[in-house]
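What follows is the content of protein00.cif (mmCIF, C-alpha atoms).
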data_upload
#
loop_
_atom_site.label_atom_id
_atom_site.label_comp_id
_atom_site.auth_asym_id
_atom_site.auth_seq_id
_atom_site.Cartn_x
_atom_site.Cartn_y
_atom_site.Cartn_z
CA MET A 1083 15.03 -15.32 28.62
CA ALA A 1084 13.63 -15.39 25.09
CA TYR A 1085 13.34 -11.91 23.58
CA GLN A 1086 10.58 -11.55 21.03
CA THR A 1087 9.10 -8.77 18.94
CA PRO A 1088 6.11 -6.98 20.48
CA ARG A 1089 2.80 -8.67 19.70
CA GLY A 1090 1.53 -7.79 16.24
CA THR A 1091 4.97 -6.80 14.90
CA ARG A 1092 7.66 -8.69 12.97
CA ASP A 1093 11.33 -8.69 12.10
CA PHE A 1094 12.20 -8.79 8.41
CA LEU A 1095 15.45 -10.61 7.66
CA PRO A 1096 17.43 -9.71 4.51
CA GLU A 1097 15.70 -12.17 2.14
CA GLU A 1098 12.29 -10.82 3.19
CA MET A 1099 13.44 -7.20 3.02
CA ILE A 1100 14.80 -7.65 -0.49
CA ALA A 1101 11.33 -8.83 -1.58
CA ARG A 1102 9.61 -6.01 0.31
CA ASN A 1103 11.95 -3.39 -1.14
CA ALA A 1104 11.16 -4.69 -4.63
CA VAL A 1105 7.45 -4.11 -3.90
CA PHE A 1106 8.14 -0.61 -2.52
CA SER A 1107 10.26 0.27 -5.56
CA THR A 1108 7.61 -0.91 -8.02
CA VAL A 1109 4.83 1.02 -6.29
CA ARG A 1110 6.98 4.15 -5.96
CA ARG A 1111 7.92 4.01 -9.66
CA VAL A 1112 4.26 3.85 -10.72
CA PHE A 1113 3.21 6.64 -8.36
CA GLU A 1114 5.96 8.92 -9.68
CA LYS A 1115 5.02 8.03 -13.27
CA TYR A 1116 1.54 9.38 -12.51
CA GLY A 1117 2.96 12.68 -11.28
CA PHE A 1118 2.75 12.15 -7.53
CA TYR A 1119 5.44 13.61 -5.26
CA PRO A 1120 6.88 12.14 -2.04
CA LEU A 1121 5.93 13.39 1.42
CA GLU A 1122 7.31 12.19 4.75
CA THR A 1123 5.65 12.95 8.10
CA PRO A 1124 6.51 12.01 11.73
CA ALA A 1125 5.60 8.60 13.13
CA PHE A 1126 3.65 10.30 15.91
CA GLU A 1127 1.23 13.22 16.00
CA GLU A 1128 -0.61 15.28 18.58
CA LEU A 1129 -3.67 13.40 19.82
CA LYS A 1130 -5.90 16.33 18.88
CA VAL A 1131 -4.70 15.86 15.29
CA LEU A 1132 -5.28 12.10 15.31
CA THR A 1133 -8.70 12.22 16.93
CA ALA A 1134 -10.17 15.15 14.98
CA LYS A 1135 -12.39 12.86 12.88
CA CYS A 1136 -11.21 9.27 13.02
CA GLY A 1137 -14.21 7.56 14.60
CA GLU A 1138 -14.50 5.94 18.00
CA ASP A 1139 -13.40 2.48 16.80
CA VAL A 1140 -10.10 3.83 15.44
CA GLU A 1141 -9.64 6.18 18.40
CA LYS A 1142 -9.55 3.13 20.69
CA GLN A 1143 -6.77 1.67 18.52
CA ILE A 1144 -4.37 4.62 18.79
CA PHE A 1145 -1.07 3.82 20.51
CA ARG A 1146 -0.75 6.71 22.97
CA LEU A 1147 2.69 7.82 24.17
CA ASP A 1148 2.74 7.75 27.99
CA GLY A 1149 3.05 11.11 29.68
CA THR A 1150 2.24 13.05 26.51
CA GLU A 1151 -0.73 14.19 24.46
CA GLN A 1152 0.67 12.35 21.45
CA GLY A 1153 0.13 9.03 19.68
CA LEU A 1154 1.44 6.96 16.78
CA ARG A 1155 -0.23 7.70 13.44
CA PHE A 1156 -2.92 5.18 12.46
CA ASP A 1157 -2.92 6.10 8.76
CA LEU A 1158 -1.13 8.41 6.31
CA THR A 1159 -4.16 10.55 5.45
CA VAL A 1160 -4.57 12.48 8.71
CA PRO A 1161 -0.90 13.65 8.68
CA LEU A 1162 -1.38 14.77 5.07
CA ALA A 1163 -4.41 16.85 6.08
CA ARG A 1164 -2.37 18.51 8.85
CA VAL A 1165 0.50 19.26 6.43
CA VAL A 1166 -1.81 20.85 3.86
CA ALA A 1167 -3.60 22.91 6.51
CA SER A 1168 -0.21 24.15 7.78
CA ASN A 1169 1.28 24.97 4.36
CA LYS A 1170 -1.08 27.35 2.60
CA GLU A 1171 1.47 28.14 -0.13
CA LEU A 1172 1.26 24.65 -1.68
CA ALA A 1173 0.46 24.69 -5.40
CA LEU A 1174 -2.84 22.96 -6.17
CA PRO A 1175 -3.60 20.29 -6.96
CA PHE A 1176 -1.19 18.87 -4.40
CA LYS A 1177 -0.49 15.31 -5.55
CA ARG A 1178 1.46 13.41 -2.95
CA TYR A 1179 2.49 9.84 -2.29
CA ALA A 1180 3.71 8.37 0.99
CA ILE A 1181 5.03 4.90 1.78
CA GLY A 1182 5.55 4.12 5.44
CA PRO A 1183 4.50 2.28 8.60
CA VAL A 1184 1.38 3.00 10.64
CA TRP A 1185 0.23 1.56 13.96
CA ARG A 1186 -3.10 0.33 15.31
CA ARG A 1187 -3.70 -1.25 18.69
CA GLU A 1188 -6.00 -4.03 17.53
CA GLU A 1189 -6.11 -7.80 17.79
CA PRO A 1190 -3.51 -9.33 15.43
CA GLN A 1191 -4.86 -11.87 12.93
CA LYS A 1192 -4.13 -13.16 9.43
CA GLY A 1193 -3.19 -10.22 7.21
CA ARG A 1194 -3.64 -7.76 10.11
CA PHE A 1195 -0.82 -6.49 12.32
CA ARG A 1196 -0.32 -3.74 14.86
CA GLU A 1197 2.53 -2.29 12.83
CA PHE A 1198 2.04 -2.37 9.07
CA TRP A 1199 3.02 -0.47 5.95
CA GLN A 1200 0.80 1.47 3.60
CA ALA A 1201 1.44 3.15 0.26
CA ASP A 1202 -0.86 6.12 -0.36
CA VAL A 1203 -1.56 8.51 -3.20
CA ASP A 1204 -3.80 11.56 -2.69
CA VAL A 1205 -4.96 14.57 -4.65
CA VAL A 1206 -5.77 17.76 -2.72
CA GLY A 1207 -7.56 20.72 -4.31
CA SER A 1208 -9.63 19.00 -7.00
CA ALA A 1209 -13.37 18.51 -6.51
CA GLY A 1210 -13.85 16.65 -9.80
CA MET A 1211 -13.97 12.91 -10.42
CA ARG A 1212 -10.90 13.07 -12.65
CA SER A 1213 -8.90 12.77 -9.43
CA GLU A 1214 -10.69 9.55 -8.43
CA ALA A 1215 -10.07 8.05 -11.87
CA GLU A 1216 -6.38 9.00 -11.72
CA LEU A 1217 -5.94 7.48 -8.25
CA ILE A 1218 -7.72 4.25 -9.07
CA ALA A 1219 -5.80 3.90 -12.36
CA ALA A 1220 -2.48 4.41 -10.52
CA ALA A 1221 -3.41 1.75 -7.96
CA ILE A 1222 -4.48 -0.67 -10.71
CA GLU A 1223 -1.23 -0.14 -12.61
CA ALA A 1224 0.85 -0.66 -9.46
CA LEU A 1225 -0.89 -4.00 -8.85
CA ARG A 1226 -0.42 -5.01 -12.48
CA GLU A 1227 3.29 -4.15 -12.28
CA LEU A 1228 3.55 -6.36 -9.19
CA GLY A 1229 2.14 -9.25 -11.22
CA PHE A 1230 -1.56 -9.25 -10.27
CA SER A 1231 -4.06 -9.98 -13.03
CA ASN A 1232 -7.21 -11.12 -11.22
CA PHE A 1233 -8.68 -8.35 -9.08
CA GLU A 1234 -11.72 -6.10 -9.02
CA VAL A 1235 -12.43 -2.50 -8.06
CA ARG A 1236 -15.52 -1.95 -5.92
CA LEU A 1237 -17.12 1.48 -5.72
CA ASN A 1238 -19.81 3.21 -3.70
CA ASN A 1239 -20.57 6.77 -2.57
CA ARG A 1240 -21.20 8.11 0.93
CA LYS A 1241 -23.60 10.66 -0.61
CA LEU A 1242 -25.73 7.80 -1.88
CA LEU A 1243 -25.64 6.14 1.53
CA ASN A 1244 -26.61 9.41 3.23
CA ALA A 1245 -29.54 9.81 0.86
CA PHE A 1246 -30.72 6.26 1.43
CA PHE A 1247 -30.36 6.67 5.20
CA SER A 1248 -32.61 9.72 4.97
CA GLU A 1249 -35.17 7.70 3.03
CA ALA A 1250 -34.94 4.94 5.66
CA GLY A 1251 -35.55 7.45 8.48
CA ILE A 1252 -32.07 7.19 10.04
CA THR A 1253 -31.18 10.54 11.58
CA GLU A 1254 -27.94 12.35 10.76
CA GLU A 1255 -26.68 11.89 14.34
CA LYS A 1256 -26.84 8.09 13.97
CA ARG A 1257 -25.26 7.82 10.53
CA LEU A 1258 -21.60 7.59 11.46
CA ALA A 1259 -22.35 4.93 14.08
CA VAL A 1260 -24.39 3.00 11.50
CA PHE A 1261 -21.55 3.29 8.95
CA ARG A 1262 -19.15 1.73 11.47
CA SER A 1263 -21.51 -1.17 12.09
CA LEU A 1264 -22.19 -1.82 8.41
CA ASP A 1265 -18.45 -1.79 7.73
CA LYS A 1266 -18.20 -4.96 9.84
CA LEU A 1267 -20.59 -6.92 7.60
CA THR A 1268 -17.98 -8.89 5.64
CA LYS A 1269 -15.71 -9.36 8.67
CA MET A 1270 -18.23 -10.35 11.36
CA GLY A 1271 -21.37 -11.38 9.50
CA GLU A 1272 -24.97 -10.25 9.34
CA GLY A 1273 -25.89 -11.46 12.85
CA VAL A 1274 -23.33 -9.25 14.57
CA VAL A 1275 -24.24 -6.25 12.42
CA ARG A 1276 -27.97 -6.70 13.06
CA ALA A 1277 -27.36 -6.84 16.81
CA GLU A 1278 -25.20 -3.70 16.72
CA LEU A 1279 -27.71 -1.75 14.64
CA LYS A 1280 -30.54 -2.74 16.97
CA GLU A 1281 -28.44 -1.58 19.92
CA LYS A 1282 -27.94 1.75 18.15
CA GLY A 1283 -31.68 2.29 17.85
CA VAL A 1284 -32.38 1.12 14.30
CA ASP A 1285 -35.66 -0.82 14.12
CA GLU A 1286 -36.08 -4.12 12.25
CA ALA A 1287 -37.61 -2.46 9.20
CA GLY A 1288 -34.70 -0.02 9.01
CA ILE A 1289 -32.16 -2.83 9.38
CA ASP A 1290 -33.83 -4.83 6.60
CA ALA A 1291 -33.85 -1.75 4.37
CA LEU A 1292 -30.14 -1.04 5.01
CA LEU A 1293 -29.07 -4.60 4.31
CA GLY A 1294 -31.37 -4.78 1.30
CA PHE A 1295 -29.81 -1.64 -0.18
CA GLY A 1296 -26.40 -3.30 0.03
CA GLU A 1297 -27.71 -6.37 -1.81
CA ILE A 1298 -28.90 -4.52 -4.95
CA SER A 1299 -27.69 -6.64 -7.86
CA GLY A 1300 -27.37 -6.56 -11.62
CA SER A 1301 -25.01 -4.87 -14.05
CA ASN A 1302 -23.57 -1.49 -13.10
CA ASP A 1303 -26.15 0.25 -15.33
CA GLU A 1304 -28.98 -1.73 -13.74
CA LYS A 1305 -27.73 -0.94 -10.25
CA LEU A 1306 -27.46 2.76 -11.02
CA LYS A 1307 -31.03 2.78 -12.38
CA LYS A 1308 -32.33 1.08 -9.23
CA VAL A 1309 -30.59 3.47 -6.82
CA ARG A 1310 -31.50 6.47 -8.95
CA ASP A 1311 -35.13 5.48 -8.49
CA GLU A 1312 -34.56 5.03 -4.75
CA VAL A 1313 -33.11 8.54 -4.26
CA GLU A 1314 -34.82 10.47 -7.07
CA GLU A 1315 -36.13 13.13 -4.66
CA ASN A 1316 -32.80 13.58 -2.86
CA SER A 1317 -30.28 16.03 -4.37
CA GLU A 1318 -27.31 14.53 -2.48
CA GLY A 1319 -28.25 11.05 -3.69
CA LYS A 1320 -28.54 12.19 -7.31
CA GLU A 1321 -25.11 13.80 -6.99
CA GLY A 1322 -23.72 10.51 -5.68
CA VAL A 1323 -25.13 8.60 -8.65
CA ALA A 1324 -23.70 11.14 -11.11
CA GLU A 1325 -20.24 10.91 -9.51
CA LEU A 1326 -20.18 7.13 -9.78
CA GLU A 1327 -21.27 7.31 -13.41
CA GLU A 1328 -18.48 9.78 -14.15
CA ILE A 1329 -15.80 7.67 -12.46
CA LEU A 1330 -16.83 4.60 -14.45
CA LYS A 1331 -16.80 6.61 -17.67
CA LEU A 1332 -13.40 8.19 -16.98
CA LEU A 1333 -11.77 4.86 -16.09
CA GLN A 1334 -12.61 3.63 -19.59
CA LEU A 1335 -10.03 6.15 -20.87
CA TYR A 1336 -7.19 4.44 -18.96
CA GLU A 1337 -5.27 1.60 -20.56
CA ALA A 1338 -4.42 0.27 -17.09
CA ALA A 1339 -8.10 -0.23 -16.22
CA LYS A 1340 -8.93 -2.27 -19.34
CA GLY A 1341 -9.91 -5.81 -18.40
CA VAL A 1342 -10.34 -4.94 -14.71
CA GLU A 1343 -13.78 -5.62 -13.29
CA LEU A 1344 -15.35 -2.42 -11.97
CA VAL A 1345 -18.19 -3.28 -9.58
CA LEU A 1346 -20.71 -0.97 -7.96
CA ASP A 1347 -21.14 -2.41 -4.46
CA PHE A 1348 -23.68 -0.59 -2.30
CA SER A 1349 -22.72 -2.66 0.75
CA LEU A 1350 -19.28 -0.99 0.69
CA VAL A 1351 -19.12 1.54 3.55
CA ARG A 1352 -15.52 1.97 4.81
CA GLY A 1353 -15.50 2.70 8.52
CA LEU A 1354 -13.49 5.91 8.83
CA ASP A 1355 -15.63 8.93 9.65
CA TYR A 1356 -13.89 11.40 7.36
CA TYR A 1357 -15.20 10.07 4.02
CA THR A 1358 -17.68 12.39 2.29
CA GLY A 1359 -18.11 11.13 -1.29
CA PRO A 1360 -16.96 8.26 -3.52
CA ILE A 1361 -15.37 5.34 -1.67
CA PHE A 1362 -13.57 2.39 -3.24
CA GLU A 1363 -11.70 -0.83 -2.53
CA ILE A 1364 -9.62 -3.22 -4.63
CA VAL A 1365 -10.14 -6.90 -3.89
CA VAL A 1366 -8.26 -10.00 -5.03
CA PRO A 1367 -11.14 -12.53 -5.04
CA ASP A 1368 -8.97 -15.56 -4.35
CA GLY A 1369 -6.47 -13.71 -2.14
CA GLY A 1370 -7.96 -14.71 1.20
CA VAL A 1371 -7.24 -11.35 2.85
CA GLY A 1372 -10.16 -9.12 1.84
CA SER A 1373 -9.28 -5.81 0.23
CA VAL A 1374 -5.67 -4.98 -0.73
CA ALA A 1375 -6.39 -1.27 -1.30
CA GLY A 1376 -9.03 1.22 -0.30
CA GLY A 1377 -9.84 4.89 -0.04
CA GLY A 1378 -12.26 7.64 -0.87
CA ARG A 1379 -13.04 11.34 -0.89
CA TYR A 1380 -12.64 13.39 2.30
CA ASP A 1381 -13.58 16.98 1.44
CA ALA A 1382 -14.17 18.08 5.04
CA LEU A 1383 -11.00 16.76 6.72
CA ILE A 1384 -8.47 19.52 5.96
CA GLY A 1385 -10.85 22.21 7.22
CA LEU A 1386 -10.84 20.55 10.66
CA TYR A 1387 -7.24 21.71 11.16
CA GLY A 1388 -7.99 25.42 11.02
CA ALA A 1389 -7.48 25.93 7.29
CA GLN A 1390 -9.81 26.81 4.46
CA PRO A 1391 -11.64 23.58 3.54
CA LEU A 1392 -10.15 21.92 0.47
CA PRO A 1393 -11.50 18.99 -1.54
CA ALA A 1394 -9.32 15.89 -1.30
CA THR A 1395 -9.35 12.22 -2.23
CA GLY A 1396 -6.93 9.32 -1.88
CA ILE A 1397 -6.29 5.59 -2.02
CA SER A 1398 -4.06 3.41 0.14
CA LEU A 1399 -2.38 0.14 -0.87
CA GLY A 1400 -2.10 -2.33 2.02
CA ILE A 1401 1.49 -3.49 1.59
CA GLU A 1402 1.26 -6.37 4.11
CA ARG A 1403 -1.84 -7.86 2.48
CA ILE A 1404 -0.38 -7.44 -0.99
CA ILE A 1405 2.82 -9.24 0.04
CA GLU A 1406 0.86 -11.99 1.80
CA VAL A 1407 -1.15 -12.69 -1.36
CA MET A 1408 1.99 -12.54 -3.52
CA ARG A 1409 3.74 -15.01 -1.25
CA ALA A 1410 0.78 -17.41 -1.24
CA LYS A 1411 0.61 -17.29 -5.04
CA GLY A 1412 4.37 -17.73 -5.54
CA MET A 1413 4.71 -14.24 -7.01
CA LEU A 1414 7.67 -13.20 -4.83
CA LYS A 1415 11.14 -13.98 -6.11
CA LYS A 1416 13.35 -15.63 -3.50
CA VAL A 1417 16.52 -13.58 -3.51
CA LYS A 1418 18.95 -13.71 -0.60
CA THR A 1419 21.19 -10.86 -1.72
CA GLY A 1420 21.42 -7.94 -4.10
CA CYS A 1421 25.12 -8.62 -4.55
CA LYS A 1422 26.14 -9.61 -8.09
CA VAL A 1423 29.71 -10.78 -7.53
CA PHE A 1424 31.96 -11.90 -4.68
CA VAL A 1425 35.67 -11.09 -5.07
CA ALA A 1426 37.64 -13.96 -3.51
CA ALA A 1427 41.40 -13.75 -2.81
CA VAL A 1428 43.26 -17.05 -3.22
CA LYS A 1429 45.63 -16.10 -0.38
CA PRO A 1430 45.81 -13.23 2.13
CA GLU A 1431 48.62 -11.52 0.18
CA PHE A 1432 46.22 -10.90 -2.72
CA TYR A 1433 43.58 -9.17 -0.56
CA GLU A 1434 44.82 -5.69 -1.50
CA TYR A 1435 44.28 -6.49 -5.17
CA ALA A 1436 40.85 -7.94 -4.31
CA VAL A 1437 39.88 -4.61 -2.70
CA LYS A 1438 41.11 -2.74 -5.79
CA VAL A 1439 38.92 -4.95 -8.01
CA LEU A 1440 36.03 -4.51 -5.58
CA GLN A 1441 36.22 -0.73 -5.81
CA GLU A 1442 36.43 -0.71 -9.61
CA LEU A 1443 33.29 -2.86 -9.80
CA ARG A 1444 31.42 -0.67 -7.33
CA LYS A 1445 32.43 2.50 -9.22
CA ALA A 1446 30.95 0.92 -12.33
CA GLY A 1447 27.65 0.39 -10.47
CA VAL A 1448 28.01 -3.34 -9.76
CA ASN A 1449 27.01 -4.56 -6.28
CA ALA A 1450 30.04 -6.46 -5.02
CA GLU A 1451 31.57 -7.73 -1.79
CA ALA A 1452 34.74 -9.43 -0.58
CA ASP A 1453 35.77 -11.45 2.46
CA VAL A 1454 36.25 -9.50 5.71
CA MET A 1455 36.94 -12.51 7.95
CA GLY A 1456 40.29 -13.77 6.61
CA ARG A 1457 38.83 -17.10 5.44
CA ASN A 1458 40.49 -19.51 3.01
CA LEU A 1459 39.32 -19.74 -0.59
CA ARG A 1460 37.04 -22.75 -0.06
CA LYS A 1461 35.15 -21.03 2.77
CA GLN A 1462 34.85 -17.84 0.74
CA LEU A 1463 33.29 -19.81 -2.13
CA ASP A 1464 30.97 -21.67 0.27
CA TYR A 1465 29.77 -18.34 1.69
CA ALA A 1466 29.15 -16.81 -1.75
CA ASN A 1467 27.22 -19.90 -2.83
CA ALA A 1468 25.17 -20.01 0.38
CA MET A 1469 24.22 -16.34 -0.07
CA GLY A 1470 23.08 -16.94 -3.63
CA ILE A 1471 25.63 -14.53 -5.14
CA PRO A 1472 25.58 -15.52 -8.83
CA PHE A 1473 29.24 -14.82 -9.70
CA VAL A 1474 32.59 -15.07 -7.97
CA ALA A 1475 35.73 -13.26 -9.17
CA VAL A 1476 38.78 -15.20 -7.97
CA VAL A 1477 42.06 -13.29 -7.77
CA GLY A 1478 45.52 -14.71 -7.28
CA GLU A 1479 49.07 -13.92 -8.45
CA LYS A 1480 48.31 -14.52 -12.14
CA GLU A 1481 45.24 -12.28 -12.07
CA MET A 1482 47.03 -9.54 -10.10
CA ASN A 1483 49.91 -9.42 -12.58
CA ALA A 1484 47.58 -9.38 -15.59
CA GLY A 1485 45.00 -6.98 -14.11
CA THR A 1486 42.25 -9.57 -14.57
CA VAL A 1487 40.02 -11.90 -12.53
CA MET A 1488 38.91 -15.50 -12.94
CA LEU A 1489 35.12 -15.06 -13.27
CA ARG A 1490 33.03 -18.08 -12.30
CA ASP A 1491 29.30 -18.40 -13.00
CA PHE A 1492 27.86 -20.46 -10.14
CA ALA A 1493 24.84 -21.55 -12.19
CA SER A 1494 26.77 -23.02 -15.13
CA GLY A 1495 30.14 -23.62 -13.49
CA LYS A 1496 31.80 -21.86 -16.43
CA GLU A 1497 35.05 -19.97 -15.71
CA GLU A 1498 36.99 -17.46 -17.80
CA GLN A 1499 39.89 -15.05 -17.41
CA ILE A 1500 38.51 -11.55 -17.97
CA SER A 1501 39.42 -7.91 -17.35
CA VAL A 1502 37.71 -6.04 -14.52
CA SER A 1503 36.09 -3.58 -16.96
CA ASP A 1504 34.61 -6.47 -18.95
CA VAL A 1505 33.30 -8.03 -15.73
CA ALA A 1506 31.50 -4.77 -14.94
CA LYS A 1507 30.00 -4.53 -18.45
CA ARG A 1508 28.80 -8.12 -18.39
CA LEU A 1509 27.26 -8.00 -14.92
CA LYS A 1510 25.54 -4.67 -15.55
CA ALA A 1511 24.04 -6.08 -18.77
#

Would it be possible to restate this file's structure as C-alpha cells?
Amino acid sequence: MAYQTPRGTRDFLPEEMIARNAVFSTVRRVFEKYGFYPLETPAFEELKVLTAKCGEDVEKQIFRLDGTEQGLRFDLTVPLARVVASNKELALPFKRYAIGPVWRREEPQKGRFREFWQADVDVVGSAGMRSEAELIAAAIEALRELGFSNFEVRLNNRKLLNAFFSEAGITEEKRLAVFRSLDKLTKMGEGVVRAELKEKGVDEAGIDALLGFGEISGSNDEKLKKVRDEVEENSEGKEGVAELEEILKLLQLYEAAKGVELVLDFSLVRGLDYYTGPIFEIVVPDGGVGSVAGGGRYDALIGLYGAQPLPATGISLGIERIIEVMRAKGMLKKVKTGCKVFVAAVKPEFYEYAVKVLQELRKAGVNAEADVMGRNLRKQLDYANAMGIPFVAVVGEKEMNAGTVMLRDFASGKEEQISVSDVAKRLKA
C-alpha cells in the first residue's frame, strides 16, 4: 500500500525546509524591525469564533473536527480578533505578527493548497491611515529582502465600493454577496461573475455599472477625481477617497516604497466579509500566481467577540505563493544542509577526539556533525560531499597529539593543518 500525504498537503524534505526557513527568517526579521511582536494561537478554534463573520464561501471551506463544535483556523486574523477581545489589558496599539499554517477545504490547484502558511502583521487600536502605510511598507520591505524587485501594490476601499453600490441601487443586504461574486472576476472571468450577479438579483444595468466602476482607468490622481465625482453626495464614499489619498501620500515617506508601483484598482474587492475600509494586494505581474499578499481594515471584527469595538488593519503574505514564484525565478538557494563542517575520524580509535573537536566547534557557534554509523574514512567523506557540507575536518593520530585537525575545503580541494579554535574563527567568518 502506498501511503501519501492528504490531498492538498505536502511533505517538505530538508533541502526544501532550509529554503522555507530562510524565507520565514527574513520575513520575521523585517516584521520585528518594524516593531511588531510575535503571537501564537491554536491551530483550531470554536466554530462560533470562526464563523462570526467569514462569509459563506469561506465557511464551506472550514475543516470541522468530527464530534466537536471546533474547526481548523482558515486565517490568522480571526484568532487575533479573539485574542484581543479576550485580553482587555493589552497596550494599544497592539502590533502583532504571526507566521503559521492555516487550512481551507477547497480544490487544490497551482499555488493553492489545503494546508498553507501565511505571515501576517496587524495593528489594533489605530483608526488612522498611518497603520496602513506602516503595514504596506513592512510587506514591501520583506519582499525586497527576499529578492523581489518587480511587483505592484493595488489599493481600493470598501467604503468607496459601498458608496458606489448605493448609487447603483444595490441594497445593503445584497452587498456582501455581490462582493463575493466580484472577487471571483480575475479567477473565473466576467461571464461567471455576470451569471452569479444576475442570480443574486442584480439587473443588467447594475451589472454593467459595477463592472464599469472596476474598469476606471488613468493615473491615480485621475482615478481619484473620477470616483470623487461619482460619490460626491455620499459621505462614506468621500471618506474612502480621502483615506486612499492619505495612504498614497504617507507611503511616499517610506524608503522601502520608492520605485514600487502603487495602483488604485477599483475592481479589487477581497472576498472576506469582515473588511470595512481600505483593502490592498501585492502582485508580482510575471509571477503566474496572482497576489502574493493581501489585507485590509476590519474595524468591526473585534467587537463581534463581545469586546468594545476596536479599529484594526492587517496584511498577510502568502508564503506558498511567494516561494513558488521564487523557485520559478531561480531566487531560492539550493542548500542541502546548514552544517558547516563534518568531523571525520580516520579510524574508530580517534572517534573520542572527533567528538571533542565537534563539541568545541559547536560551543563556538559552528554547525558541525560527525559520523554516527561507524563508517570508514572514504564513506564519511562521500557522505559529507553528498550532503553539500563545505568543509571536512579529518582527525587521526597526528591531529589528536597536536590538538589540531586537517581542514579540507571541498570546493577548492585545499587542505591545511589548523587548530580547532582557528577552524571555528574561519568558519564563523

Reference answer for the PyMOL selection byres ((chain A and resi 1490) around 10), as a PDB file with C-alpha atoms, in the frame of the given file:
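Output (part-v9.pdb):
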ATOM      1  CA  VAL A1423      29.710 -10.780  -7.530  1.00  0.00           C
ATOM      2  CA  PHE A1424      31.960 -11.900  -4.680  1.00  0.00           C
ATOM      3  CA  PRO A1472      25.580 -15.520  -8.830  1.00  0.00           C
ATOM      4  CA  PHE A1473      29.240 -14.820  -9.700  1.00  0.00           C
ATOM      5  CA  VAL A1474      32.590 -15.070  -7.970  1.00  0.00           C
ATOM      6  CA  ALA A1475      35.730 -13.260  -9.170  1.00  0.00           C
ATOM      7  CA  VAL A1476      38.780 -15.200  -7.970  1.00  0.00           C
ATOM      8  CA  VAL A1487      40.020 -11.900 -12.530  1.00  0.00           C
ATOM      9  CA  MET A1488      38.910 -15.500 -12.940  1.00  0.00           C
ATOM     10  CA  LEU A1489      35.120 -15.060 -13.270  1.00  0.00           C
ATOM     11  CA  ASP A1491      29.300 -18.400 -13.000  1.00  0.00           C
ATOM     12  CA  PHE A1492      27.860 -20.460 -10.140  1.00  0.00           C
ATOM     13  CA  ALA A1493      24.840 -21.550 -12.190  1.00  0.00           C
ATOM     14  CA  SER A1494      26.770 -23.020 -15.130  1.00  0.00           C
ATOM     15  CA  GLY A1495      30.140 -23.620 -13.490  1.00  0.00           C
ATOM     16  CA  LYS A1496      31.800 -21.860 -16.430  1.00  0.00           C
ATOM     17  CA  GLU A1497      35.050 -19.970 -15.710  1.00  0.00           C
ATOM     18  CA  GLU A1498      36.990 -17.460 -17.800  1.00  0.00           C
ATOM     19  CA  GLN A1499      39.890 -15.050 -17.410  1.00  0.00           C
TER      20      GLN A1499
END

Compare A:Ala1259, A:Val1448, A:Leu1463, A:Ala1224 by their minimum atom-to-atom distance to Asp1504 of chain A, counting all atoms listed in the file, and give me the closest one.
->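 Among A:Ala1259, A:Val1448, A:Leu1463, A:Ala1224, it is A:Val1448 that comes nearest to Asp1504 of chain A.
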
Spell out the residues picked by the PyMOL selection byres ((chain A and resi 1164) around 12) here, as a CSV table (one decimal) with C-alpha atoms, in the coordinates of the input.
chain,number,residue,atom,x,y,z
A,1123,THR,CA,5.6,13.0,8.1
A,1124,PRO,CA,6.5,12.0,11.7
A,1127,GLU,CA,1.2,13.2,16.0
A,1128,GLU,CA,-0.6,15.3,18.6
A,1130,LYS,CA,-5.9,16.3,18.9
A,1131,VAL,CA,-4.7,15.9,15.3
A,1132,LEU,CA,-5.3,12.1,15.3
A,1134,ALA,CA,-10.2,15.2,15.0
A,1155,ARG,CA,-0.2,7.7,13.4
A,1158,LEU,CA,-1.1,8.4,6.3
A,1159,THR,CA,-4.2,10.6,5.4
A,1160,VAL,CA,-4.6,12.5,8.7
A,1161,PRO,CA,-0.9,13.6,8.7
A,1162,LEU,CA,-1.4,14.8,5.1
A,1163,ALA,CA,-4.4,16.8,6.1
A,1165,VAL,CA,0.5,19.3,6.4
A,1166,VAL,CA,-1.8,20.8,3.9
A,1167,ALA,CA,-3.6,22.9,6.5
A,1168,SER,CA,-0.2,24.2,7.8
A,1169,ASN,CA,1.3,25.0,4.4
A,1170,LYS,CA,-1.1,27.4,2.6
A,1383,LEU,CA,-11.0,16.8,6.7
A,1384,ILE,CA,-8.5,19.5,6.0
A,1385,GLY,CA,-10.8,22.2,7.2
A,1386,LEU,CA,-10.8,20.6,10.7
A,1387,TYR,CA,-7.2,21.7,11.2
A,1388,GLY,CA,-8.0,25.4,11.0
A,1389,ALA,CA,-7.5,25.9,7.3
A,1390,GLN,CA,-9.8,26.8,4.5
A,1391,PRO,CA,-11.6,23.6,3.5
A,1392,LEU,CA,-10.2,21.9,0.5

Which residues, written as a PDB file with C-alpha atoms, in the frame of the given file, have at least one atom at most 7 Å from Pro1120 of chain A, with all atoms listed in the file counted and residues fewer than 6 positions away on the same chain left out?
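The result, stored in part_10.pdb:
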ATOM      1  CA  ARG A1178       1.460  13.410  -2.950  1.00  0.00           C
ATOM      2  CA  TYR A1179       2.490   9.840  -2.290  1.00  0.00           C
ATOM      3  CA  ALA A1180       3.710   8.370   0.990  1.00  0.00           C
TER       4      ALA A1180
END

Excluding segment 1140-1151 of chain A and any residue of its chain fewer than 2 positions from it, enumerate the residues within 7 Å of it, using all atoms listed in the file, and give them as a ChimeraX atom specification.
-> /A:1128-1129,1133,1136-1138,1153-1154,1156,1186-1188

Do a neighbour search on Lys1282 of chain A at 9 Å with only C-alpha atoms, toss out local chain neighbours closer than 5 positions, and write the hits as an MDAnalysis selection string.
-> chainID A and resid 1256 1259:1260 1277

How far is it from atom CA of Thr1087 of chain A to atom CA of Val1105 of chain A, in Å with one decimal?
->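 We find that atom CA of Thr1087 of chain A and atom CA of Val1105 of chain A lie 23.4 Å from each other.
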
Computed interatomic separation between atom CA of Gly1090 of chain A and atom CA of Met1413 of chain A (Å) |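 If I compute the distance from atom CA of Gly1090 of chain A to atom CA of Met1413 of chain A, I get 24.3 Å.
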
Would you mind listing what lies within 12 Å of Val1345 of chain A as a count of residues only, with only C-alpha atoms counted and same-chain residues fewer than 3 positions away left out?
-> 27

Length of the atom CA of Asp1355 of chain A to atom CA of Phe1261 of chain A vector [Å] =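 Computing it gives 8.2 Å between the two atoms.
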
Residue with smallest distance to Gly1353 of chain A - pool A:Arg1508, A:Lys1331, A:Arg1403, A:Arg1262, counting all atoms listed in the file =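 Going through A:Arg1508, A:Lys1331, A:Arg1403, A:Arg1262 one by one, the smallest distance to Gly1353 of chain A is for A:Arg1262.
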